[in-house]
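Shown next: structure.csv, given as CSV, C-alpha atoms.
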chain,number,residue,atom,x,y,z
A,1,ILE,CA,1.2,12.9,61.8
A,2,ILE,CA,-2.5,13.3,60.9
A,3,MET,CA,-1.8,16.9,59.6
A,4,THR,CA,1.2,15.7,57.6
A,5,LEU,CA,-0.7,12.8,56.1
A,6,SER,CA,-3.5,15.1,55.2
A,7,ASN,CA,-1.1,17.6,53.6
A,8,LEU,CA,0.5,14.8,51.6
A,9,ILE,CA,-2.9,13.7,50.3
A,10,LEU,CA,-3.8,17.2,49.4
A,11,LEU,CA,-0.5,17.7,47.6
A,12,HIS,CA,-1.0,14.5,45.7
A,13,VAL,CA,-4.5,15.4,44.7
A,14,CYS,CA,-3.3,18.9,43.5
A,15,PHE,CA,-0.5,17.3,41.6
A,16,LEU,CA,-2.9,14.9,39.8
A,17,PHE,CA,-5.3,17.8,39.0
A,18,THR,CA,-2.4,19.8,37.5
A,19,ILE,CA,-1.4,16.9,35.2
A,20,ILE,CA,-5.0,16.2,34.2
A,21,THR,CA,-5.8,19.9,33.4
A,22,TYR,CA,-2.4,20.8,31.9
A,23,GLN,CA,-2.2,18.1,29.2
A,24,PRO,CA,-5.4,19.0,27.4
A,25,PHE,CA,-4.4,22.7,27.5
A,26,ALA,CA,-1.0,21.9,25.9
A,27,ALA,CA,-2.6,19.7,23.3
A,28,ALA,CA,-5.2,22.4,22.5
A,29,ALA,CA,-2.4,25.0,22.1
A,30,LEU,CA,-0.5,22.6,19.7
A,31,SER,CA,-3.7,21.9,17.8
A,32,ASN,CA,-4.3,25.7,17.4
A,33,THR,CA,-0.7,26.2,16.1
A,34,VAL,CA,-1.0,23.5,13.6
A,35,ALA,CA,-4.4,24.7,12.4
A,36,GLY,CA,-2.9,28.2,12.0
A,37,ASP,CA,-0.1,26.8,9.9
A,38,VAL,CA,-2.5,24.9,7.7
A,39,GLN,CA,-4.9,27.8,7.2
A,40,TYR,CA,-1.9,30.1,6.2
A,41,LEU,CA,-0.8,27.6,3.6
A,42,GLU,CA,-4.3,26.9,2.3
A,43,ARG,CA,-4.8,30.6,1.6
A,44,LYS,CA,-1.5,30.6,-0.4
A,45,VAL,CA,-2.8,27.6,-2.5
A,46,GLU,CA,-6.1,29.3,-3.0
A,47,ALA,CA,-4.3,32.5,-4.1
A,48,ILE,CA,-2.2,30.6,-6.7
A,49,PHE,CA,-5.2,29.2,-8.4
A,50,ARG,CA,-7.2,32.4,-8.2
A,51,ASP,CA,-4.5,34.0,-10.4
A,52,ALA,CA,-3.7,30.8,-12.5
A,53,LYS,CA,-6.1,31.8,-15.4
A,54,ASN,CA,-3.9,34.7,-16.1
A,55,LEU,CA,-0.7,32.6,-16.5
A,56,PRO,CA,0.6,31.5,-19.9
A,57,ILE,CA,-0.2,27.9,-20.9
A,58,ALA,CA,2.9,25.7,-21.0
A,59,ILE,CA,1.2,22.3,-21.8
A,60,SER,CA,-2.4,21.6,-22.9
A,61,ARG,CA,-4.0,18.1,-23.2
A,62,PRO,CA,-7.5,18.8,-24.5
A,63,LYS,CA,-8.5,15.1,-24.6
A,64,GLU,CA,-7.6,14.7,-20.9
A,65,ASP,CA,-8.9,18.2,-20.0
A,66,ILE,CA,-5.5,19.1,-18.5
A,67,GLN,CA,-3.7,22.4,-18.6
A,68,VAL,CA,-0.3,23.3,-17.1
A,69,ARG,CA,0.7,26.9,-16.6
A,70,THR,CA,3.9,28.5,-15.4
A,71,THR,CA,5.4,31.7,-14.1
A,72,PHE,CA,8.5,32.8,-12.2
A,73,ASN,CA,8.8,34.3,-8.8
A,74,GLY,CA,12.3,35.8,-9.1
A,75,ASP,CA,14.5,32.8,-10.1
A,76,CYS,CA,11.9,30.3,-8.7
A,77,MET,CA,9.5,28.6,-11.1
A,78,VAL,CA,5.8,28.2,-10.1
A,79,THR,CA,3.8,25.6,-11.9
A,80,VAL,CA,0.1,24.9,-11.7
A,81,ALA,CA,-1.8,22.0,-13.3
A,82,GLU,CA,-5.5,21.4,-13.4
A,83,ALA,CA,-7.7,18.6,-14.7
A,84,THR,CA,-11.1,20.2,-14.6
A,85,ASP,CA,-13.6,17.3,-14.9
A,86,MET,CA,-12.4,13.7,-14.1
A,87,ASP,CA,-14.8,10.8,-13.9
A,88,HIS,CA,-13.9,9.9,-10.3
A,89,HIS,CA,-15.5,10.8,-7.0
A,90,PRO,CA,-13.3,13.0,-4.8
A,91,ASP,CA,-13.2,10.3,-2.2
A,92,ASP,CA,-11.5,8.0,-4.7
A,93,PHE,CA,-8.3,10.1,-4.2
A,94,ARG,CA,-8.3,9.8,-0.4
A,95,GLU,CA,-6.2,6.6,-0.5
A,96,PHE,CA,-3.4,8.3,-2.4
A,97,LEU,CA,-3.5,11.3,0.0
A,98,GLU,CA,-3.7,9.3,3.2
A,99,ASN,CA,-0.9,6.9,2.0
A,100,PHE,CA,1.2,9.6,0.3
A,101,GLY,CA,4.5,8.1,1.6
A,102,THR,CA,4.1,4.8,-0.2
A,103,ALA,CA,1.9,6.0,-3.1
A,104,PHE,CA,3.9,9.0,-4.3
A,105,PRO,CA,7.0,7.0,-5.4
A,106,LYS,CA,4.7,4.7,-7.4
A,107,VAL,CA,3.4,7.7,-9.5
A,108,ASN,CA,6.6,9.7,-9.8
A,109,PRO,CA,9.7,7.9,-11.1
A,110,MET,CA,12.0,10.6,-9.8
A,111,ALA,CA,10.9,10.0,-6.2
A,112,ARG,CA,13.1,7.3,-4.5
A,113,ASN,CA,11.2,7.4,-1.2
A,114,VAL,CA,9.2,9.5,1.3
A,115,ILE,CA,10.3,8.7,4.8
A,116,PRO,CA,8.2,9.8,7.8
A,117,LEU,CA,10.2,11.5,10.6
A,118,GLU,CA,7.8,12.8,13.2
A,119,GLY,CA,4.3,14.2,13.7
A,120,ASN,CA,0.8,13.0,13.2
A,121,ALA,CA,-1.9,12.6,10.5
A,122,LEU,CA,-2.5,16.3,10.2
A,123,LYS,CA,1.1,17.5,10.3
A,124,GLN,CA,4.0,15.2,9.6
A,125,ALA,CA,7.7,15.8,8.9
A,126,VAL,CA,9.0,13.8,5.9
A,127,LYS,CA,12.3,13.3,4.2
A,128,SER,CA,12.4,12.6,0.4
A,129,VAL,CA,15.2,11.7,-2.0
A,130,LEU,CA,14.7,12.5,-5.7
A,131,ASN,CA,16.6,10.7,-8.5
A,132,PHE,CA,18.1,13.2,-11.0
A,133,PRO,CA,19.6,12.2,-14.4
A,134,PHE,CA,23.4,12.0,-14.7
A,135,PRO,CA,25.5,14.1,-14.5
A,136,LEU,CA,23.2,15.9,-12.0
A,137,THR,CA,23.4,15.0,-8.3
A,138,ASP,CA,20.4,13.5,-6.6
A,139,ARG,CA,18.3,15.8,-4.4
A,140,ILE,CA,17.1,15.5,-0.9
A,141,MET,CA,14.2,17.4,0.8
A,142,VAL,CA,13.0,17.7,4.4
A,143,HIS,CA,9.7,19.4,4.9
A,144,TRP,CA,6.3,19.3,6.5
A,145,LYS,CA,3.3,17.4,5.0
A,146,TYR,CA,-0.2,18.6,5.9
A,147,LEU,CA,-3.3,16.5,5.2
A,148,ARG,CA,-6.8,18.2,5.0
A,149,LEU,CA,-9.5,15.6,4.3
A,150,ASN,CA,-13.0,17.0,4.0
A,151,ARG,CA,-11.9,20.7,4.5
A,152,SER,CA,-15.4,21.1,3.1
A,153,PRO,CA,-17.6,18.2,2.2
A,154,ASN,CA,-15.9,16.0,-0.5
A,155,GLU,CA,-13.0,18.4,-0.8
A,156,HIS,CA,-9.5,17.2,0.1
A,157,MET,CA,-6.0,18.9,0.1
A,158,LEU,CA,-2.5,17.8,0.7
A,159,ILE,CA,0.3,20.4,1.2
A,160,LEU,CA,4.1,20.1,1.4
A,161,SER,CA,6.0,23.0,2.7
A,162,GLU,CA,9.5,23.8,4.1
A,163,GLU,CA,7.9,26.6,6.2
A,164,GLY,CA,9.5,26.3,9.6
A,165,ASN,CA,11.7,23.3,8.8
A,166,GLN,CA,15.1,24.5,10.1
A,167,ARG,CA,14.7,22.4,13.2
A,168,LEU,CA,14.0,19.4,11.0
A,169,LEU,CA,17.1,20.0,8.9
A,170,ASP,CA,19.3,20.3,12.1
A,171,LYS,CA,17.8,17.1,13.6
A,172,TYR,CA,17.3,14.8,10.6
A,173,LEU,CA,19.6,15.8,7.8
A,174,THR,CA,22.8,13.8,8.4
A,175,GLN,CA,26.4,14.9,7.5
A,176,ASN,CA,26.6,12.0,5.0
A,177,GLU,CA,23.4,13.1,3.3
A,178,ARG,CA,24.7,16.7,3.2
A,179,LYS,CA,27.7,15.4,1.3
A,180,GLN,CA,25.9,12.9,-0.9
A,181,TYR,CA,22.9,15.0,-2.1
A,182,VAL,CA,22.0,18.6,-3.0
A,183,LEU,CA,19.4,20.1,-0.7
A,184,ALA,CA,16.3,21.0,-2.6
A,185,ARG,CA,13.6,23.3,-1.2
A,186,THR,CA,9.8,23.0,-1.4
A,187,PHE,CA,8.3,26.4,-0.8
A,188,LEU,CA,4.8,25.1,-1.5
A,189,CYS,CA,3.5,21.9,-3.2
A,190,ALA,CA,-0.2,21.0,-3.1
A,191,TYR,CA,-2.7,18.4,-4.4
A,192,TRP,CA,-6.2,19.9,-4.2
A,193,ILE,CA,-9.3,17.7,-5.0
A,194,LEU,CA,-12.6,19.4,-5.5
A,195,PRO,CA,-16.1,18.0,-6.3
A,196,VAL,CA,-17.7,18.7,-9.7
A,197,ARG,CA,-21.4,18.8,-9.5
A,198,CYS,CA,-24.2,18.4,-11.9
A,199,SER,CA,-25.7,21.8,-12.7
A,200,GLU,CA,-29.3,20.5,-12.6
A,201,THR,CA,-29.3,18.2,-9.6
A,202,GLY,CA,-26.3,19.3,-7.6
A,203,ALA,CA,-25.1,15.7,-7.4
A,204,ILE,CA,-21.4,15.0,-7.6
A,205,LYS,CA,-20.5,13.8,-11.1
A,206,GLY,CA,-16.7,13.9,-10.9
A,207,SER,CA,-13.6,15.7,-9.6
A,208,CYS,CA,-11.5,18.7,-10.4
A,209,ILE,CA,-7.8,18.0,-9.6
A,210,ARG,CA,-5.4,20.8,-9.0
A,211,TYR,CA,-1.6,20.6,-8.5
A,212,ALA,CA,0.8,23.4,-7.7
A,213,PHE,CA,4.6,23.5,-7.1
A,214,SER,CA,6.9,26.2,-6.1
A,215,GLY,CA,10.4,25.4,-5.0
A,216,ASP,CA,14.2,25.5,-5.6
A,217,THR,CA,15.8,22.3,-6.9
A,218,GLY,CA,19.2,23.5,-5.6
A,219,GLY,CA,22.4,23.7,-7.6
A,220,SER,CA,22.8,25.6,-10.8
A,221,ILE,CA,20.0,24.7,-13.2
A,222,PRO,CA,19.4,27.2,-16.0
A,223,ALA,CA,16.0,28.8,-16.5
A,224,TRP,CA,15.6,27.2,-20.0
A,225,VAL,CA,16.0,23.7,-18.4
A,226,GLN,CA,13.4,24.6,-15.7
A,227,ASN,CA,11.1,25.8,-18.5
A,228,GLN,CA,11.2,22.3,-20.1
A,229,VAL,CA,11.3,20.1,-17.0
A,230,GLY,CA,9.0,22.1,-14.7
A,231,PRO,CA,5.8,21.9,-16.7
A,232,LYS,CA,6.4,18.2,-17.6
A,233,THR,CA,6.9,17.3,-13.9
A,234,ALA,CA,3.6,19.0,-13.1
A,235,LEU,CA,1.8,17.1,-15.9
A,236,ASP,CA,3.4,13.8,-14.8
A,237,SER,CA,2.2,14.5,-11.2
A,238,ILE,CA,-1.4,15.1,-12.1
A,239,GLN,CA,-1.5,12.3,-14.6
A,240,GLY,CA,0.2,10.0,-12.1
A,241,LEU,CA,-2.4,10.7,-9.5
A,242,ILE,CA,-5.2,9.9,-12.0
A,243,ASN,CA,-3.5,6.7,-13.2
A,244,HIS,CA,-3.0,5.6,-9.6
A,245,VAL,CA,-6.7,6.0,-8.9
A,246,GLN,CA,-7.7,4.2,-12.1
A,247,LYS,CA,-5.3,1.3,-11.3
A,248,TYR,CA,-6.2,0.8,-7.6
A,249,ARG,CA,-9.9,1.7,-7.5

Mind turning the file's structure into structure tokens?
Amino acid sequence: IIMTLSNLILLHVCFLFTIITYQPFAAAALSNTVAGDVQYLERKVEAIFRDAKNLPIAISRPKEDIQVRTTFNGDCMVTVAEATDMDHHPDDFREFLENFGTAFPKVNPMARNVIPLEGNALKQAVKSVLNFPFPLTDRIMVHWKYLRLNRSPNEHMLILSEEGNQRLLDKYLTQNERKQYVLARTFLCAYWILPVRCSETGAIKGSCIRYAFSGDTGGSIPAWVQNQVGPKTALDSIQGLINHVQKYR
């Protein structure tokens, strides 16, 4: 009986040790996977803006210091917008990025909602419905949202991407939604907030705001329509962010 009791105690201790040691290992593995996803997408965003200066200008707003540029990757339009020197500290934009689900519909009239599905602050699955003008059918999107605050001091980035979203579509896109909406795709969408520093003192004097979008709205939308709507949507997105900060700060 004594040996049996001792063995039971030993087994119980080993079981507890296994639980205690296994959980952090699993969490670390998950964290490393998410970090790898984020770094991969960050490099794609950086590459887009590295080449942006060579793209044709679609919209220019000199008084607001905003330019929108476009290109096509096959049939897919890529739009980039940049406001190079805004009179706001980068941290002024944190509230928008941290509360993207509620803030985004306020700055984009096409966005009906942004619904969180699963995940955490760093990587979260979301579902969004976009209002399209008649006779076009409204769109629905299911993708991942990545939030990178202080990726370097006073530099923030939010990324949306459908990369690896098939499980989300299978789990969260209902049959009624498949019938009611056209599925749109977000290959890559990003808000990137960078500090602008005084050349003499190095102190932060404002922010550079960058926005990029690459996706497929689904359905049959001619290239000439995309050429008109795409740049305007990028301009609205960056202006909406600025106006949101001016209103709520």

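For the choices A:Gln67, A:Gln166, A:Ser152, A:Gln175, the atom-to-atom distance to Trp192 of chain A is smallest for A:Ser152 when using all atoms listed in the file.
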
Requested in this report: Could you jot down the atom CA of Arg185 of chain A to atom CA of Gly240 of chain A separation for me, Å, one decimal place?
Outcome: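 Value for the atom CA of Arg185 of chain A-atom CA of Gly240 of chain A distance: 21.8 Å.
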
Report task. For atom CA of Val78 of chain A and atom CA of Asn165 of chain A, determine how far apart the two atoms are, in Å to one decimal place. Result ->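 Between atom CA of Val78 of chain A and atom CA of Asn165 of chain A the gap is 20.4 Å.
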
Query raised in the report: So which residues fall inside 10 Å of (-0.8, 27.9, -1.1) if we count only C-alpha atoms? Mind giving them as a PyMOL selection string?
Result: chain A and resi 38-49+159-161+187-190+212-214

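The residue that comes closest to Arg178 of chain A, out of A:Val229, A:Cys198, A:Leu158, A:Met141 and on the basis of only C-alpha atoms, is A:Met141.
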
Query raised in the report: Interatomic distance between atom CA of Thr217 of chain A and atom CA of Leu194 of chain A?
Result: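 About the pair atom CA of Thr217 of chain A and atom CA of Leu194 of chain A: they are 28.6 Å apart.
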
Requested in this report: Pick out the closest residue to Asp87 of chain A from this set: A:Gly230, A:Gly218, A:Gly206, A:Gly164. Count only C-alpha atoms.
Outcome: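 Nearest to Asp87 of chain A: A:Gly206.
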
Requested in this report: Give me the residues within 12 Å of Ile57 of chain A as a VMD selection string, counting all atoms listed in the file and dropping any in the same chain fewer than 5 places off.
Outcome: chain A and resid 52 66 to 71 79 to 82 227 231

Requested in this report: Write out as JSON, numbers by chain the residues lying within 7 Å of Met157 of chain A, counting all atoms listed in the file and excluding same-chain residues fewer than 4 positions away.
Outcome: {"A": [147, 148, 149, 190, 191, 192, 193]}

Expected file: the selected residues, C-alpha atoms, as a JSON list (two decimals), keeping the file's coordinate frame:
[["chain", "number", "residue", "atom", "x", "y", "z"],
["A", 147, "LEU", "CA", -3.30, 16.50, 5.20],
["A", 148, "ARG", "CA", -6.80, 18.20, 5.00],
["A", 149, "LEU", "CA", -9.50, 15.60, 4.30],
["A", 190, "ALA", "CA", -0.20, 21.00, -3.10],
["A", 191, "TYR", "CA", -2.70, 18.40, -4.40],
["A", 192, "TRP", "CA", -6.20, 19.90, -4.20],
["A", 193, "ILE", "CA", -9.30, 17.70, -5.00]]

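Using all atoms listed in the file, the smallest distance between any of A:Thr84, A:Asn99, A:Asn108, A:Asn54 and Ser237 of chain A comes from A:Asn108.
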
Report task. Considering only C-alpha atoms, return as a PyMOL selection string whatever protein or nucleic-acid residues lie within 9 Å of segment 113-124 of chain A, sequence-local ones (same chain, fewer than 2 positions apart) excluded. Result -> chain A and resi 34-35+38+98+100-102+104-105+111+126-130+143-148+168+172

**Report entry** Surrounding residues of segment 200-204 of chain A excluding itself and chain neighbours under 6 positions, 12 Å, only C-alpha atoms, as a VMD selection string
**Finding:** chain A and resid 85 to 91 153 to 155 194

Query raised in the report: So which one's closest to Pro109 of chain A, A:Asp236, A:Asp37, A:Tyr248, A:Arg197? Using all atoms listed in the file, please.
Result: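 Distance minimum relative to Pro109 of chain A lands on A:Asp236.
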
Requested in this report: Rank nothing, just name the residue among A:Thr186, A:Gln246, A:Asn73, A:Gln239 nearest to Asp216 of chain A, using all atoms listed in the file.
Outcome: A:Thr186

**Report entry** Non-local contacts of Lys247 of chain A (12 Å; only C-alpha atoms; under 6 positions in same chain excluded) as a list in words
**Finding:**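 Skipping anything fewer than 6 positions along the chain leaves Asp92, Phe93, Phe96, Ala103, Lys106, Val107, Gly240 and Leu241 of chain A.
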
Rebuild segment 232-248 of chain A so that it carries N, CA, C and O atoms, then output the result as a PDB file, keeping the file's coordinate frame.
ATOM      1  N   LYS A 232       6.559  19.661 -17.431  1.00  0.00           N
ATOM      2  CA  LYS A 232       6.400  18.200 -17.600  1.00  0.00           C
ATOM      3  C   LYS A 232       6.273  17.498 -16.295  1.00  0.00           C
ATOM      4  O   LYS A 232       5.478  16.538 -16.162  1.00  0.00           O
ATOM      5  N   THR A 233       6.992  17.950 -15.277  1.00  0.00           N
ATOM      6  CA  THR A 233       6.900  17.300 -13.900  1.00  0.00           C
ATOM      7  C   THR A 233       5.474  17.562 -13.375  1.00  0.00           C
ATOM      8  O   THR A 233       4.889  16.651 -12.762  1.00  0.00           O
ATOM      9  N   ALA A 234       4.915  18.755 -13.577  1.00  0.00           N
ATOM     10  CA  ALA A 234       3.600  19.000 -13.100  1.00  0.00           C
ATOM     11  C   ALA A 234       2.543  18.147 -13.831  1.00  0.00           C
ATOM     12  O   ALA A 234       1.612  17.603 -13.213  1.00  0.00           O
ATOM     13  N   LEU A 235       2.717  18.007 -15.147  1.00  0.00           N
ATOM     14  CA  LEU A 235       1.800  17.100 -15.900  1.00  0.00           C
ATOM     15  C   LEU A 235       1.931  15.696 -15.440  1.00  0.00           C
ATOM     16  O   LEU A 235       0.908  15.016 -15.250  1.00  0.00           O
ATOM     17  N   ASP A 236       3.161  15.217 -15.238  1.00  0.00           N
ATOM     18  CA  ASP A 236       3.400  13.800 -14.800  1.00  0.00           C
ATOM     19  C   ASP A 236       2.720  13.648 -13.385  1.00  0.00           C
ATOM     20  O   ASP A 236       2.168  12.575 -13.098  1.00  0.00           O
ATOM     21  N   SER A 237       2.773  14.673 -12.540  1.00  0.00           N
ATOM     22  CA  SER A 237       2.200  14.500 -11.200  1.00  0.00           C
ATOM     23  C   SER A 237       0.717  14.380 -11.215  1.00  0.00           C
ATOM     24  O   SER A 237       0.155  13.534 -10.511  1.00  0.00           O
ATOM     25  N   ILE A 238       0.042  15.177 -12.042  1.00  0.00           N
ATOM     26  CA  ILE A 238      -1.400  15.100 -12.100  1.00  0.00           C
ATOM     27  C   ILE A 238      -1.877  13.858 -12.840  1.00  0.00           C
ATOM     28  O   ILE A 238      -2.847  13.200 -12.455  1.00  0.00           O
ATOM     29  N   GLN A 239      -1.159  13.490 -13.907  1.00  0.00           N
ATOM     30  CA  GLN A 239      -1.500  12.300 -14.600  1.00  0.00           C
ATOM     31  C   GLN A 239      -1.207  11.039 -13.769  1.00  0.00           C
ATOM     32  O   GLN A 239      -1.960  10.066 -13.787  1.00  0.00           O
ATOM     33  N   GLY A 240      -0.105  11.090 -13.018  1.00  0.00           N
ATOM     34  CA  GLY A 240       0.200  10.000 -12.100  1.00  0.00           C
ATOM     35  C   GLY A 240      -0.821   9.735 -11.087  1.00  0.00           C
ATOM     36  O   GLY A 240      -1.160   8.587 -10.781  1.00  0.00           O
ATOM     37  N   LEU A 241      -1.373  10.804 -10.536  1.00  0.00           N
ATOM     38  CA  LEU A 241      -2.400  10.700  -9.500  1.00  0.00           C
ATOM     39  C   LEU A 241      -3.676  10.030 -10.173  1.00  0.00           C
ATOM     40  O   LEU A 241      -4.275   9.113  -9.591  1.00  0.00           O
ATOM     41  N   ILE A 242      -4.047  10.500 -11.349  1.00  0.00           N
ATOM     42  CA  ILE A 242      -5.200   9.900 -12.000  1.00  0.00           C
ATOM     43  C   ILE A 242      -5.008   8.465 -12.358  1.00  0.00           C
ATOM     44  O   ILE A 242      -5.882   7.617 -12.132  1.00  0.00           O
ATOM     45  N   ASN A 243      -3.827   8.129 -12.885  1.00  0.00           N
ATOM     46  CA  ASN A 243      -3.500   6.700 -13.200  1.00  0.00           C
ATOM     47  C   ASN A 243      -3.513   5.850 -11.992  1.00  0.00           C
ATOM     48  O   ASN A 243      -3.932   4.690 -12.059  1.00  0.00           O
ATOM     49  N   HIS A 244      -3.031   6.391 -10.901  1.00  0.00           N
ATOM     50  CA  HIS A 244      -3.000   5.600  -9.600  1.00  0.00           C
ATOM     51  C   HIS A 244      -4.416   5.251  -9.214  1.00  0.00           C
ATOM     52  O   HIS A 244      -4.672   4.105  -8.835  1.00  0.00           O
ATOM     53  N   VAL A 245      -5.312   6.209  -9.285  1.00  0.00           N
ATOM     54  CA  VAL A 245      -6.700   6.000  -8.900  1.00  0.00           C
ATOM     55  C   VAL A 245      -7.351   4.949  -9.827  1.00  0.00           C
ATOM     56  O   VAL A 245      -8.065   4.036  -9.400  1.00  0.00           O
ATOM     57  N   GLN A 246      -7.096   5.085 -11.119  1.00  0.00           N
ATOM     58  CA  GLN A 246      -7.700   4.200 -12.100  1.00  0.00           C
ATOM     59  C   GLN A 246      -7.150   2.739 -11.892  1.00  0.00           C
ATOM     60  O   GLN A 246      -7.880   1.763 -12.114  1.00  0.00           O
ATOM     61  N   LYS A 247      -5.920   2.628 -11.439  1.00  0.00           N
ATOM     62  CA  LYS A 247      -5.300   1.300 -11.300  1.00  0.00           C
ATOM     63  C   LYS A 247      -5.766   0.626  -9.982  1.00  0.00           C
ATOM     64  O   LYS A 247      -6.004  -0.580  -9.962  1.00  0.00           O
ATOM     65  N   TYR A 248      -5.920   1.405  -8.912  1.00  0.00           N
ATOM     66  CA  TYR A 248      -6.200   0.800  -7.600  1.00  0.00           C
ATOM     67  C   TYR A 248      -7.607   0.911  -7.121  1.00  0.00           C
ATOM     68  O   TYR A 248      -7.947   0.390  -6.066  1.00  0.00           O
TER      69      TYR A 248
END
